[in-house]
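my_file-v9.cif (mmCIF, N, CA and C atoms, pLDDT in the B column; chains and numbers go by the auth columns) appears below.
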```cif
data_final
#
loop_
_atom_site.group_PDB
_atom_site.id
_atom_site.type_symbol
_atom_site.label_atom_id
_atom_site.label_comp_id
_atom_site.label_asym_id
_atom_site.label_seq_id
_atom_site.Cartn_x
_atom_site.Cartn_y
_atom_site.Cartn_z
_atom_site.B_iso_or_equiv
_atom_site.auth_seq_id
_atom_site.auth_asym_id
ATOM 1 N N MET A 1 -7.089 0.092 8.950 77.00 1 U
ATOM 2 C CA MET A 1 -7.263 1.395 8.352 77.00 1 U
ATOM 3 C C MET A 1 -5.887 1.973 8.016 77.00 1 U
ATOM 4 N N LYS A 2 -5.783 2.544 6.850 84.00 2 U
ATOM 5 C CA LYS A 2 -4.522 3.130 6.402 84.00 2 U
ATOM 6 C C LYS A 2 -4.284 4.479 7.071 84.00 2 U
ATOM 7 N N THR A 3 -3.017 4.837 7.185 87.00 3 U
ATOM 8 C CA THR A 3 -2.632 6.126 7.746 87.00 3 U
ATOM 9 C C THR A 3 -1.902 6.933 6.686 87.00 3 U
ATOM 10 N N ILE A 4 -2.256 8.197 6.577 87.00 4 U
ATOM 11 C CA ILE A 4 -1.604 9.112 5.648 87.00 4 U
ATOM 12 C C ILE A 4 -0.901 10.186 6.471 87.00 4 U
ATOM 13 N N GLU A 5 0.335 10.485 6.113 89.00 5 U
ATOM 14 C CA GLU A 5 1.084 11.544 6.777 89.00 5 U
ATOM 15 C C GLU A 5 1.061 12.786 5.894 89.00 5 U
ATOM 16 N N ILE A 6 0.685 13.914 6.486 88.00 6 U
ATOM 17 C CA ILE A 6 0.630 15.176 5.760 88.00 6 U
ATOM 18 C C ILE A 6 1.542 16.178 6.457 88.00 6 U
ATOM 19 N N ASN A 7 2.463 16.756 5.707 89.00 7 U
ATOM 20 C CA ASN A 7 3.356 17.784 6.243 89.00 7 U
ATOM 21 C C ASN A 7 2.618 19.111 6.262 89.00 7 U
ATOM 22 N N VAL A 8 2.611 19.759 7.424 91.00 8 U
ATOM 23 C CA VAL A 8 1.896 21.026 7.573 91.00 8 U
ATOM 24 C C VAL A 8 2.793 22.077 8.211 91.00 8 U
ATOM 25 N N SER A 9 2.399 23.332 8.057 90.00 9 U
ATOM 26 C CA SER A 9 3.082 24.466 8.679 90.00 9 U
ATOM 27 C C SER A 9 2.045 25.308 9.397 90.00 9 U
ATOM 28 N N PHE A 10 2.426 25.893 10.537 91.00 10 U
ATOM 29 C CA PHE A 10 1.520 26.764 11.267 91.00 10 U
ATOM 30 C C PHE A 10 1.256 28.029 10.477 91.00 10 U
ATOM 31 N N ARG A 11 0.039 28.557 10.616 90.00 11 U
ATOM 32 C CA ARG A 11 -0.314 29.823 9.991 90.00 11 U
ATOM 33 C C ARG A 11 0.037 30.948 10.943 90.00 11 U
ATOM 34 N N LYS A 12 0.753 31.940 10.438 88.00 12 U
ATOM 35 C CA LYS A 12 1.134 33.082 11.259 88.00 12 U
ATOM 36 C C LYS A 12 0.032 34.136 11.273 88.00 12 U
ATOM 37 N N GLU A 13 -0.700 34.252 10.166 91.00 13 U
ATOM 38 C CA GLU A 13 -1.783 35.231 10.063 91.00 13 U
ATOM 39 C C GLU A 13 -3.090 34.498 9.791 91.00 13 U
ATOM 40 N N LEU A 14 -4.166 35.013 10.350 93.00 14 U
ATOM 41 C CA LEU A 14 -5.483 34.420 10.168 93.00 14 U
ATOM 42 C C LEU A 14 -6.389 35.412 9.458 93.00 14 U
ATOM 43 N N GLY A 15 -7.501 34.924 8.945 91.00 15 U
ATOM 44 C CA GLY A 15 -8.476 35.805 8.311 91.00 15 U
ATOM 45 C C GLY A 15 -8.629 35.530 6.832 91.00 15 U
ATOM 46 N N LYS A 16 -9.590 36.238 6.235 94.00 16 U
ATOM 47 C CA LYS A 16 -9.914 36.052 4.821 94.00 16 U
ATOM 48 C C LYS A 16 -8.746 36.354 3.895 94.00 16 U
ATOM 49 N N LYS A 17 -8.084 37.470 4.161 95.00 17 U
ATOM 50 C CA LYS A 17 -7.019 37.924 3.266 95.00 17 U
ATOM 51 C C LYS A 17 -5.866 36.921 3.228 95.00 17 U
ATOM 52 N N SER A 18 -5.425 36.462 4.394 93.00 18 U
ATOM 53 C CA SER A 18 -4.302 35.518 4.425 93.00 18 U
ATOM 54 C C SER A 18 -4.718 34.159 3.865 93.00 18 U
ATOM 55 N N SER A 19 -5.973 33.744 4.101 94.00 19 U
ATOM 56 C CA SER A 19 -6.459 32.478 3.542 94.00 19 U
ATOM 57 C C SER A 19 -6.499 32.537 2.015 94.00 19 U
ATOM 58 N N LYS A 20 -6.928 33.684 1.487 95.00 20 U
ATOM 59 C CA LYS A 20 -6.980 33.864 0.036 95.00 20 U
ATOM 60 C C LYS A 20 -5.586 33.796 -0.575 95.00 20 U
ATOM 61 N N GLU A 21 -4.596 34.388 0.100 93.00 21 U
ATOM 62 C CA GLU A 21 -3.216 34.346 -0.386 93.00 21 U
ATOM 63 C C GLU A 21 -2.660 32.921 -0.349 93.00 21 U
ATOM 64 N N LEU A 22 -2.997 32.178 0.706 94.00 22 U
ATOM 65 C CA LEU A 22 -2.552 30.782 0.793 94.00 22 U
ATOM 66 C C LEU A 22 -3.130 29.959 -0.356 94.00 22 U
ATOM 67 N N ARG A 23 -4.426 30.124 -0.614 95.00 23 U
ATOM 68 C CA ARG A 23 -5.076 29.369 -1.699 95.00 23 U
ATOM 69 C C ARG A 23 -4.487 29.735 -3.063 95.00 23 U
ATOM 70 N N LYS A 24 -4.177 31.010 -3.243 95.00 24 U
ATOM 71 C CA LYS A 24 -3.593 31.472 -4.505 95.00 24 U
ATOM 72 C C LYS A 24 -2.244 30.803 -4.757 95.00 24 U
ATOM 73 N N ALA A 25 -1.510 30.502 -3.661 94.00 25 U
ATOM 74 C CA ALA A 25 -0.201 29.859 -3.762 94.00 25 U
ATOM 75 C C ALA A 25 -0.309 28.332 -3.829 94.00 25 U
ATOM 76 N N GLY A 26 -1.543 27.799 -3.884 94.00 26 U
ATOM 77 C CA GLY A 26 -1.723 26.358 -4.005 94.00 26 U
ATOM 78 C C GLY A 26 -1.767 25.628 -2.669 94.00 26 U
ATOM 79 N N ASN A 27 -1.996 26.361 -1.587 93.00 27 U
ATOM 80 C CA ASN A 27 -2.072 25.760 -0.262 93.00 27 U
ATOM 81 C C ASN A 27 -3.519 25.687 0.209 93.00 27 U
ATOM 82 N N VAL A 28 -3.756 24.853 1.223 94.00 28 U
ATOM 83 C CA VAL A 28 -5.077 24.700 1.811 94.00 28 U
ATOM 84 C C VAL A 28 -5.007 25.159 3.266 94.00 28 U
ATOM 85 N N PRO A 29 -5.721 26.230 3.632 95.00 29 U
ATOM 86 C CA PRO A 29 -5.754 26.637 5.037 95.00 29 U
ATOM 87 C C PRO A 29 -6.645 25.678 5.823 95.00 29 U
ATOM 88 N N CYS A 30 -6.195 25.263 7.012 92.00 30 U
ATOM 89 C CA CYS A 30 -6.910 24.269 7.808 92.00 30 U
ATOM 90 C C CYS A 30 -6.978 24.701 9.273 92.00 30 U
ATOM 91 N N VAL A 31 -7.945 24.125 9.991 92.00 31 U
ATOM 92 C CA VAL A 31 -8.090 24.357 11.427 92.00 31 U
ATOM 93 C C VAL A 31 -8.471 23.034 12.082 92.00 31 U
ATOM 94 N N VAL A 32 -7.823 22.711 13.212 89.00 32 U
ATOM 95 C CA VAL A 32 -8.222 21.579 14.038 89.00 32 U
ATOM 96 C C VAL A 32 -8.860 22.169 15.281 89.00 32 U
ATOM 97 N N TYR A 33 -10.141 21.844 15.485 91.00 33 U
ATOM 98 C CA TYR A 33 -10.882 22.350 16.634 91.00 33 U
ATOM 99 C C TYR A 33 -10.834 21.333 17.762 91.00 33 U
ATOM 100 N N GLY A 34 -10.876 21.818 18.994 85.00 34 U
ATOM 101 C CA GLY A 34 -10.910 20.951 20.162 85.00 34 U
ATOM 102 C C GLY A 34 -9.706 21.187 21.041 85.00 34 U
ATOM 103 N N GLY A 35 -9.735 20.594 22.230 81.00 35 U
ATOM 104 C CA GLY A 35 -8.648 20.811 23.155 81.00 35 U
ATOM 105 C C GLY A 35 -8.728 22.188 23.772 81.00 35 U
ATOM 106 N N LYS A 36 -7.624 22.694 24.231 89.00 36 U
ATOM 107 C CA LYS A 36 -7.604 24.007 24.890 89.00 36 U
ATOM 108 C C LYS A 36 -7.722 25.150 23.897 89.00 36 U
ATOM 109 N N GLU A 37 -7.143 24.988 22.707 88.00 37 U
ATOM 110 C CA GLU A 37 -7.217 26.049 21.701 88.00 37 U
ATOM 111 C C GLU A 37 -7.221 25.436 20.301 88.00 37 U
ATOM 112 N N ASN A 38 -7.677 26.212 19.338 89.00 38 U
ATOM 113 C CA ASN A 38 -7.704 25.764 17.949 89.00 38 U
ATOM 114 C C ASN A 38 -6.301 25.833 17.357 89.00 38 U
ATOM 115 N N ILE A 39 -6.015 24.916 16.424 88.00 39 U
ATOM 116 C CA ILE A 39 -4.707 24.893 15.767 88.00 39 U
ATOM 117 C C ILE A 39 -4.910 25.260 14.304 88.00 39 U
ATOM 118 N N HIS A 40 -4.308 26.368 13.875 92.00 40 U
ATOM 119 C CA HIS A 40 -4.409 26.842 12.498 92.00 40 U
ATOM 120 C C HIS A 40 -3.126 26.472 11.755 92.00 40 U
ATOM 121 N N PHE A 41 -3.284 25.822 10.605 92.00 41 U
ATOM 122 C CA PHE A 41 -2.128 25.403 9.825 92.00 41 U
ATOM 123 C C PHE A 41 -2.496 25.376 8.356 92.00 41 U
ATOM 124 N N PHE A 42 -1.507 25.110 7.497 93.00 42 U
ATOM 125 C CA PHE A 42 -1.768 24.964 6.070 93.00 42 U
ATOM 126 C C PHE A 42 -0.842 23.910 5.489 93.00 42 U
ATOM 127 N N SER A 43 -1.230 23.405 4.334 93.00 43 U
ATOM 128 C CA SER A 43 -0.413 22.441 3.615 93.00 43 U
ATOM 129 C C SER A 43 -0.712 22.591 2.130 93.00 43 U
ATOM 130 N N HIS A 44 0.210 22.148 1.291 93.00 44 U
ATOM 131 C CA HIS A 44 0.008 22.255 -0.151 93.00 44 U
ATOM 132 C C HIS A 44 -1.117 21.321 -0.580 93.00 44 U
ATOM 133 N N GLU A 45 -1.878 21.744 -1.557 92.00 45 U
ATOM 134 C CA GLU A 45 -3.055 20.979 -2.000 92.00 45 U
ATOM 135 C C GLU A 45 -2.710 19.575 -2.496 92.00 45 U
ATOM 136 N N ASN A 46 -1.512 19.379 -3.023 91.00 46 U
ATOM 137 C CA ASN A 46 -1.128 18.052 -3.511 91.00 46 U
ATOM 138 C C ASN A 46 -1.010 17.028 -2.389 91.00 46 U
ATOM 139 N N ASN A 47 -0.805 17.485 -1.157 88.00 47 U
ATOM 140 C CA ASN A 47 -0.687 16.565 -0.026 88.00 47 U
ATOM 141 C C ASN A 47 -2.012 15.908 0.336 88.00 47 U
ATOM 142 N N PHE A 48 -3.130 16.436 -0.165 88.00 48 U
ATOM 143 C CA PHE A 48 -4.450 15.917 0.174 88.00 48 U
ATOM 144 C C PHE A 48 -5.032 14.982 -0.888 88.00 48 U
ATOM 145 N N THR A 49 -4.367 14.790 -2.013 86.00 49 U
ATOM 146 C CA THR A 49 -4.953 14.002 -3.099 86.00 49 U
ATOM 147 C C THR A 49 -5.196 12.546 -2.701 86.00 49 U
ATOM 148 N N LYS A 50 -4.256 11.928 -1.987 83.00 50 U
ATOM 149 C CA LYS A 50 -4.441 10.532 -1.573 83.00 50 U
ATOM 150 C C LYS A 50 -5.551 10.392 -0.539 83.00 50 U
ATOM 151 N N LEU A 51 -5.875 11.456 0.143 84.00 51 U
ATOM 152 C CA LEU A 51 -6.922 11.443 1.155 84.00 51 U
ATOM 153 C C LEU A 51 -8.299 11.657 0.529 84.00 51 U
ATOM 154 N N ILE A 52 -8.380 12.532 -0.451 85.00 52 U
ATOM 155 C CA ILE A 52 -9.667 12.904 -1.018 85.00 52 U
ATOM 156 C C ILE A 52 -10.115 11.969 -2.144 85.00 52 U
ATOM 157 N N TYR A 53 -9.220 11.628 -3.043 86.00 53 U
ATOM 158 C CA TYR A 53 -9.598 10.853 -4.221 86.00 53 U
ATOM 159 C C TYR A 53 -9.480 9.351 -3.984 86.00 53 U
ATOM 160 N N THR A 54 -10.166 8.862 -2.957 83.00 54 U
ATOM 161 C CA THR A 54 -10.194 7.440 -2.654 83.00 54 U
ATOM 162 C C THR A 54 -11.494 7.121 -1.917 83.00 54 U
ATOM 163 N N PRO A 55 -12.025 5.930 -2.115 84.00 55 U
ATOM 164 C CA PRO A 55 -13.235 5.554 -1.377 84.00 55 U
ATOM 165 C C PRO A 55 -12.920 5.047 0.032 84.00 55 U
ATOM 166 N N ASP A 56 -11.637 4.873 0.365 83.00 56 U
ATOM 167 C CA ASP A 56 -11.235 4.330 1.658 83.00 56 U
ATOM 168 C C ASP A 56 -11.189 5.411 2.735 83.00 56 U
ATOM 169 N N ALA A 57 -11.353 4.979 3.977 83.00 57 U
ATOM 170 C CA ALA A 57 -11.200 5.882 5.123 83.00 57 U
ATOM 171 C C ALA A 57 -9.755 5.808 5.595 83.00 57 U
ATOM 172 N N HIS A 58 -9.223 6.929 6.052 84.00 58 U
ATOM 173 C CA HIS A 58 -7.833 6.992 6.494 84.00 58 U
ATOM 174 C C HIS A 58 -7.719 7.732 7.823 84.00 58 U
ATOM 175 N N LEU A 59 -6.700 7.382 8.574 86.00 59 U
ATOM 176 C CA LEU A 59 -6.274 8.191 9.705 86.00 59 U
ATOM 177 C C LEU A 59 -5.230 9.160 9.168 86.00 59 U
ATOM 178 N N VAL A 60 -5.221 10.386 9.687 87.00 60 U
ATOM 179 C CA VAL A 60 -4.272 11.385 9.199 87.00 60 U
ATOM 180 C C VAL A 60 -3.312 11.743 10.325 87.00 60 U
ATOM 181 N N HIS A 61 -2.025 11.599 10.036 86.00 61 U
ATOM 182 C CA HIS A 61 -0.972 12.007 10.964 86.00 61 U
ATOM 183 C C HIS A 61 -0.406 13.311 10.424 86.00 61 U
ATOM 184 N N LEU A 62 -0.518 14.393 11.214 86.00 62 U
ATOM 185 C CA LEU A 62 -0.007 15.697 10.791 86.00 62 U
ATOM 186 C C LEU A 62 1.431 15.846 11.255 86.00 62 U
ATOM 187 N N LYS A 63 2.336 16.012 10.318 87.00 63 U
ATOM 188 C CA LYS A 63 3.748 16.242 10.631 87.00 63 U
ATOM 189 C C LYS A 63 3.983 17.744 10.554 87.00 63 U
ATOM 190 N N ILE A 64 4.160 18.359 11.726 82.00 64 U
ATOM 191 C CA ILE A 64 4.220 19.813 11.816 82.00 64 U
ATOM 192 C C ILE A 64 5.650 20.303 11.662 82.00 64 U
ATOM 193 N N ASP A 65 5.822 21.280 10.785 75.00 65 U
ATOM 194 C CA ASP A 65 7.118 21.924 10.574 75.00 65 U
ATOM 195 C C ASP A 65 7.323 22.931 11.704 75.00 65 U
ATOM 196 N N VAL A 66 8.154 22.587 12.679 64.00 66 U
ATOM 197 C CA VAL A 66 8.339 23.457 13.849 64.00 66 U
ATOM 198 C C VAL A 66 9.078 24.740 13.502 64.00 66 U
ATOM 199 N N ARG A 67 9.794 24.771 12.406 61.00 67 U
ATOM 200 C CA ARG A 67 10.480 26.005 12.001 61.00 67 U
ATOM 201 C C ARG A 67 9.471 27.088 11.657 61.00 67 U
ATOM 202 N N SER A 68 8.245 26.709 11.278 51.00 68 U
ATOM 203 C CA SER A 68 7.257 27.700 10.897 51.00 68 U
ATOM 204 C C SER A 68 6.660 28.403 12.109 51.00 68 U
ATOM 205 N N THR A 69 6.944 27.950 13.345 46.00 69 U
ATOM 206 C CA THR A 69 6.409 28.590 14.538 46.00 69 U
ATOM 207 C C THR A 69 7.255 29.758 14.985 46.00 69 U
ATOM 208 N N GLU A 70 8.448 29.896 14.445 42.00 70 U
ATOM 209 C CA GLU A 70 9.371 30.953 14.883 42.00 70 U
ATOM 210 C C GLU A 70 9.129 32.258 14.151 42.00 70 U
#
```
Go ahead and render the structure in this file as structure tokens.
Amino acid sequence: MKTIEINVSFRKELGKKSSKELRKAGNVPCVVYGGKENIHFFSHENNFTKLIYTPDAHLVHLKIDVRSTE
């Protein structure tokens, strides 16, 4: 199985308004559920094209920008 690496940044604000602003800027708001707490992040929509427009299944490695947590 192929692995795709996607660069992501943590979301500082949550909710409809901030999600709408992210989408307007060409980003995709995302959430990973499970574990002790949910992880909210975003990435540019172009980072998902190799994942979505293929018939193959992939593992996704999220490369988190730690500067966005400050």
With all atoms listed in the file as the counted atoms, please give the residues lying no more than 7 Å from His44 of chain U, apart from itself and same-chain residues fewer than 4 positions off, as a PDB file with N, CA and C atoms, keeping the file's coordinate frame.
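Wrote it out as around.pdb, contents follow:
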```pdb
ATOM      1  N   ASN U   7       2.463  16.756   5.707  1.00 89.00           N
ATOM      2  CA  ASN U   7       3.356  17.784   6.243  1.00 89.00           C
ATOM      3  C   ASN U   7       2.618  19.111   6.262  1.00 89.00           C
ATOM      4  N   VAL U   8       2.611  19.759   7.424  1.00 91.00           N
ATOM      5  CA  VAL U   8       1.896  21.026   7.573  1.00 91.00           C
ATOM      6  C   VAL U   8       2.793  22.077   8.211  1.00 91.00           C
ATOM      7  N   GLY U  26      -1.543  27.799  -3.884  1.00 94.00           N
ATOM      8  CA  GLY U  26      -1.723  26.358  -4.005  1.00 94.00           C
ATOM      9  C   GLY U  26      -1.767  25.628  -2.669  1.00 94.00           C
ATOM     10  N   ASN U  27      -1.996  26.361  -1.587  1.00 93.00           N
ATOM     11  CA  ASN U  27      -2.072  25.760  -0.262  1.00 93.00           C
ATOM     12  C   ASN U  27      -3.519  25.687   0.209  1.00 93.00           C
ATOM     13  N   VAL U  28      -3.756  24.853   1.223  1.00 94.00           N
ATOM     14  CA  VAL U  28      -5.077  24.700   1.811  1.00 94.00           C
ATOM     15  C   VAL U  28      -5.007  25.159   3.266  1.00 94.00           C
ATOM     16  N   PHE U  48      -3.130  16.436  -0.165  1.00 88.00           N
ATOM     17  CA  PHE U  48      -4.450  15.917   0.174  1.00 88.00           C
ATOM     18  C   PHE U  48      -5.032  14.982  -0.888  1.00 88.00           C
TER      19      PHE U  48
END
```
Hey, what's within 6.5 Å of segment 50-58 of chain U if we count all atoms listed in the file and toss same-chain stuff fewer than 6 positions away? As a list in words, please?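 So, after excluding close chain neighbours, the residues are Met1, Lys2, Thr3 and Ile4 of chain U.
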Quick one: write out the picked residues with N, CA and C atoms as a CSV table (one decimal), in the coordinates of the input?
```csv
chain,number,residue,atom,x,y,z
U,1,MET,N,-7.1,0.1,9.0
U,1,MET,CA,-7.3,1.4,8.4
U,1,MET,C,-5.9,2.0,8.0
U,2,LYS,N,-5.8,2.5,6.8
U,2,LYS,CA,-4.5,3.1,6.4
U,2,LYS,C,-4.3,4.5,7.1
U,3,THR,N,-3.0,4.8,7.2
U,3,THR,CA,-2.6,6.1,7.7
U,3,THR,C,-1.9,6.9,6.7
U,4,ILE,N,-2.3,8.2,6.6
U,4,ILE,CA,-1.6,9.1,5.6
U,4,ILE,C,-0.9,10.2,6.5
```
Within 9 Å of Glu5 of chain U using only C-alpha atoms, minus same-chain residues under 4 positions, as a compact mmCIF listing (two decimals) with N, CA and C atoms, in the frame of the given file:
```txt
# COMPACT_ATOMS: atom_id res chain seq x y z
N ASN U 47 -0.80 17.48 -1.16
CA ASN U 47 -0.69 16.57 -0.03
C ASN U 47 -2.01 15.91 0.34
N LEU U 59 -6.70 7.38 8.57
CA LEU U 59 -6.27 8.19 9.70
C LEU U 59 -5.23 9.16 9.17
N VAL U 60 -5.22 10.39 9.69
CA VAL U 60 -4.27 11.38 9.20
C VAL U 60 -3.31 11.74 10.32
N HIS U 61 -2.02 11.60 10.04
CA HIS U 61 -0.97 12.01 10.96
C HIS U 61 -0.41 13.31 10.42
N LEU U 62 -0.52 14.39 11.21
CA LEU U 62 -0.01 15.70 10.79
C LEU U 62 1.43 15.85 11.26
N LYS U 63 2.34 16.01 10.32
CA LYS U 63 3.75 16.24 10.63
C LYS U 63 3.98 17.74 10.55
```
Given the PyMOL selection byres (((chain U and resi 29 and name CA) around 12) and name CA) and the file above, list the residues it selects as number ranges by chain. U: 8-28, 30-32, 39-45, 48
Please identify which residues in chain U DSSP calls alpha helix (DSSP H) from the backbone, and express them as a PyMOL selection string. chain U and resi 16-24+49-52
Write to file, as a short mmCIF file (atom, residue, chain, number, x, y, z; two decimals), keeping the file's coordinate frame, the residues of the selection just made, with N, CA and C atoms.
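Dumped everything to part-v4.cif:
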```
data_model
loop_
_atom_site.label_atom_id
_atom_site.label_comp_id
_atom_site.auth_asym_id
_atom_site.auth_seq_id
_atom_site.Cartn_x
_atom_site.Cartn_y
_atom_site.Cartn_z
N LYS U 16 -9.59 36.24 6.24
CA LYS U 16 -9.91 36.05 4.82
C LYS U 16 -8.75 36.35 3.90
N LYS U 17 -8.08 37.47 4.16
CA LYS U 17 -7.02 37.92 3.27
C LYS U 17 -5.87 36.92 3.23
N SER U 18 -5.42 36.46 4.39
CA SER U 18 -4.30 35.52 4.42
C SER U 18 -4.72 34.16 3.86
N SER U 19 -5.97 33.74 4.10
CA SER U 19 -6.46 32.48 3.54
C SER U 19 -6.50 32.54 2.02
N LYS U 20 -6.93 33.68 1.49
CA LYS U 20 -6.98 33.86 0.04
C LYS U 20 -5.59 33.80 -0.57
N GLU U 21 -4.60 34.39 0.10
CA GLU U 21 -3.22 34.35 -0.39
C GLU U 21 -2.66 32.92 -0.35
N LEU U 22 -3.00 32.18 0.71
CA LEU U 22 -2.55 30.78 0.79
C LEU U 22 -3.13 29.96 -0.36
N ARG U 23 -4.43 30.12 -0.61
CA ARG U 23 -5.08 29.37 -1.70
C ARG U 23 -4.49 29.74 -3.06
N LYS U 24 -4.18 31.01 -3.24
CA LYS U 24 -3.59 31.47 -4.50
C LYS U 24 -2.24 30.80 -4.76
N THR U 49 -4.37 14.79 -2.01
CA THR U 49 -4.95 14.00 -3.10
C THR U 49 -5.20 12.55 -2.70
N LYS U 50 -4.26 11.93 -1.99
CA LYS U 50 -4.44 10.53 -1.57
C LYS U 50 -5.55 10.39 -0.54
N LEU U 51 -5.88 11.46 0.14
CA LEU U 51 -6.92 11.44 1.16
C LEU U 51 -8.30 11.66 0.53
N ILE U 52 -8.38 12.53 -0.45
CA ILE U 52 -9.67 12.90 -1.02
C ILE U 52 -10.12 11.97 -2.14
#
```
What does the structure give for the distance between atom N of Thr49 of chain U and atom N of Lys36 of chain U, in Å to one decimal? 27.6 Å
Could you jot down the atom N of Gly34 of chain U to atom CA of Asn46 of chain U separation for me, Å, one decimal place? 24.8 Å
DSSP on the backbone: what in chain U comes out strand (DSSP E or B), as an mmCIF file with N, CA and C atoms, keeping the file's coordinate frame?
```cif
data_model
loop_
_atom_site.group_PDB
_atom_site.id
_atom_site.type_symbol
_atom_site.label_atom_id
_atom_site.label_comp_id
_atom_site.auth_asym_id
_atom_site.auth_seq_id
_atom_site.Cartn_x
_atom_site.Cartn_y
_atom_site.Cartn_z
ATOM 1 N N LYS U 2 -5.783 2.544 6.850
ATOM 2 C CA LYS U 2 -4.522 3.130 6.402
ATOM 3 C C LYS U 2 -4.284 4.479 7.071
ATOM 4 N N THR U 3 -3.017 4.837 7.185
ATOM 5 C CA THR U 3 -2.632 6.126 7.746
ATOM 6 C C THR U 3 -1.902 6.933 6.686
ATOM 7 N N ILE U 4 -2.256 8.197 6.577
ATOM 8 C CA ILE U 4 -1.604 9.112 5.648
ATOM 9 C C ILE U 4 -0.901 10.186 6.471
ATOM 10 N N GLU U 5 0.335 10.485 6.113
ATOM 11 C CA GLU U 5 1.084 11.544 6.777
ATOM 12 C C GLU U 5 1.061 12.786 5.894
ATOM 13 N N ILE U 6 0.685 13.914 6.486
ATOM 14 C CA ILE U 6 0.630 15.176 5.760
ATOM 15 C C ILE U 6 1.542 16.178 6.457
ATOM 16 N N ASN U 7 2.463 16.756 5.707
ATOM 17 C CA ASN U 7 3.356 17.784 6.243
ATOM 18 C C ASN U 7 2.618 19.111 6.262
ATOM 19 N N VAL U 8 2.611 19.759 7.424
ATOM 20 C CA VAL U 8 1.896 21.026 7.573
ATOM 21 C C VAL U 8 2.793 22.077 8.211
ATOM 22 N N SER U 9 2.399 23.332 8.057
ATOM 23 C CA SER U 9 3.082 24.466 8.679
ATOM 24 C C SER U 9 2.045 25.308 9.397
ATOM 25 N N PHE U 10 2.426 25.893 10.537
ATOM 26 C CA PHE U 10 1.520 26.764 11.267
ATOM 27 C C PHE U 10 1.256 28.029 10.477
ATOM 28 N N ASN U 27 -1.996 26.361 -1.587
ATOM 29 C CA ASN U 27 -2.072 25.760 -0.262
ATOM 30 C C ASN U 27 -3.519 25.687 0.209
ATOM 31 N N VAL U 28 -3.756 24.853 1.223
ATOM 32 C CA VAL U 28 -5.077 24.700 1.811
ATOM 33 C C VAL U 28 -5.007 25.159 3.266
ATOM 34 N N PRO U 29 -5.721 26.230 3.632
ATOM 35 C CA PRO U 29 -5.754 26.637 5.037
ATOM 36 C C PRO U 29 -6.645 25.678 5.823
ATOM 37 N N CYS U 30 -6.195 25.263 7.012
ATOM 38 C CA CYS U 30 -6.910 24.269 7.808
ATOM 39 C C CYS U 30 -6.978 24.701 9.273
ATOM 40 N N VAL U 31 -7.945 24.125 9.991
ATOM 41 C CA VAL U 31 -8.090 24.357 11.427
ATOM 42 C C VAL U 31 -8.471 23.034 12.082
ATOM 43 N N VAL U 32 -7.823 22.711 13.212
ATOM 44 C CA VAL U 32 -8.222 21.579 14.038
ATOM 45 C C VAL U 32 -8.860 22.169 15.281
ATOM 46 N N ILE U 39 -6.015 24.916 16.424
ATOM 47 C CA ILE U 39 -4.707 24.893 15.767
ATOM 48 C C ILE U 39 -4.910 25.260 14.304
ATOM 49 N N HIS U 40 -4.308 26.368 13.875
ATOM 50 C CA HIS U 40 -4.409 26.842 12.498
ATOM 51 C C HIS U 40 -3.126 26.472 11.755
ATOM 52 N N PHE U 41 -3.284 25.822 10.605
ATOM 53 C CA PHE U 41 -2.128 25.403 9.825
ATOM 54 C C PHE U 41 -2.496 25.376 8.356
ATOM 55 N N PHE U 42 -1.507 25.110 7.497
ATOM 56 C CA PHE U 42 -1.768 24.964 6.070
ATOM 57 C C PHE U 42 -0.842 23.910 5.489
ATOM 58 N N SER U 43 -1.230 23.405 4.334
ATOM 59 C CA SER U 43 -0.413 22.441 3.615
ATOM 60 C C SER U 43 -0.712 22.591 2.130
ATOM 61 N N HIS U 44 0.210 22.148 1.291
ATOM 62 C CA HIS U 44 0.008 22.255 -0.151
ATOM 63 C C HIS U 44 -1.117 21.321 -0.580
ATOM 64 N N HIS U 58 -9.223 6.929 6.052
ATOM 65 C CA HIS U 58 -7.833 6.992 6.494
ATOM 66 C C HIS U 58 -7.719 7.732 7.823
ATOM 67 N N LEU U 59 -6.700 7.382 8.574
ATOM 68 C CA LEU U 59 -6.274 8.191 9.705
ATOM 69 C C LEU U 59 -5.230 9.160 9.168
ATOM 70 N N VAL U 60 -5.221 10.386 9.687
ATOM 71 C CA VAL U 60 -4.272 11.385 9.199
ATOM 72 C C VAL U 60 -3.312 11.743 10.325
ATOM 73 N N HIS U 61 -2.025 11.599 10.036
ATOM 74 C CA HIS U 61 -0.972 12.007 10.964
ATOM 75 C C HIS U 61 -0.406 13.311 10.424
ATOM 76 N N LEU U 62 -0.518 14.393 11.214
ATOM 77 C CA LEU U 62 -0.007 15.697 10.791
ATOM 78 C C LEU U 62 1.431 15.846 11.255
ATOM 79 N N LYS U 63 2.336 16.012 10.318
ATOM 80 C CA LYS U 63 3.748 16.242 10.631
ATOM 81 C C LYS U 63 3.983 17.744 10.554
ATOM 82 N N ILE U 64 4.160 18.359 11.726
ATOM 83 C CA ILE U 64 4.220 19.813 11.816
ATOM 84 C C ILE U 64 5.650 20.303 11.662
ATOM 85 N N ASP U 65 5.822 21.280 10.785
ATOM 86 C CA ASP U 65 7.118 21.924 10.574
ATOM 87 C C ASP U 65 7.323 22.931 11.704
#
```
Kindly provide, as lines of an AutoDock Vina configuration file, the centre and edge lengths (Å, one decimal) of an axis-aligned box around all atoms of segment 33-37 of chain U given in the file, with 4 Å on each side.
```
center_x = -9.0
center_y = 23.3
center_z = 20.2
size_x = 11.8
size_y = 13.5
size_z = 17.4
```
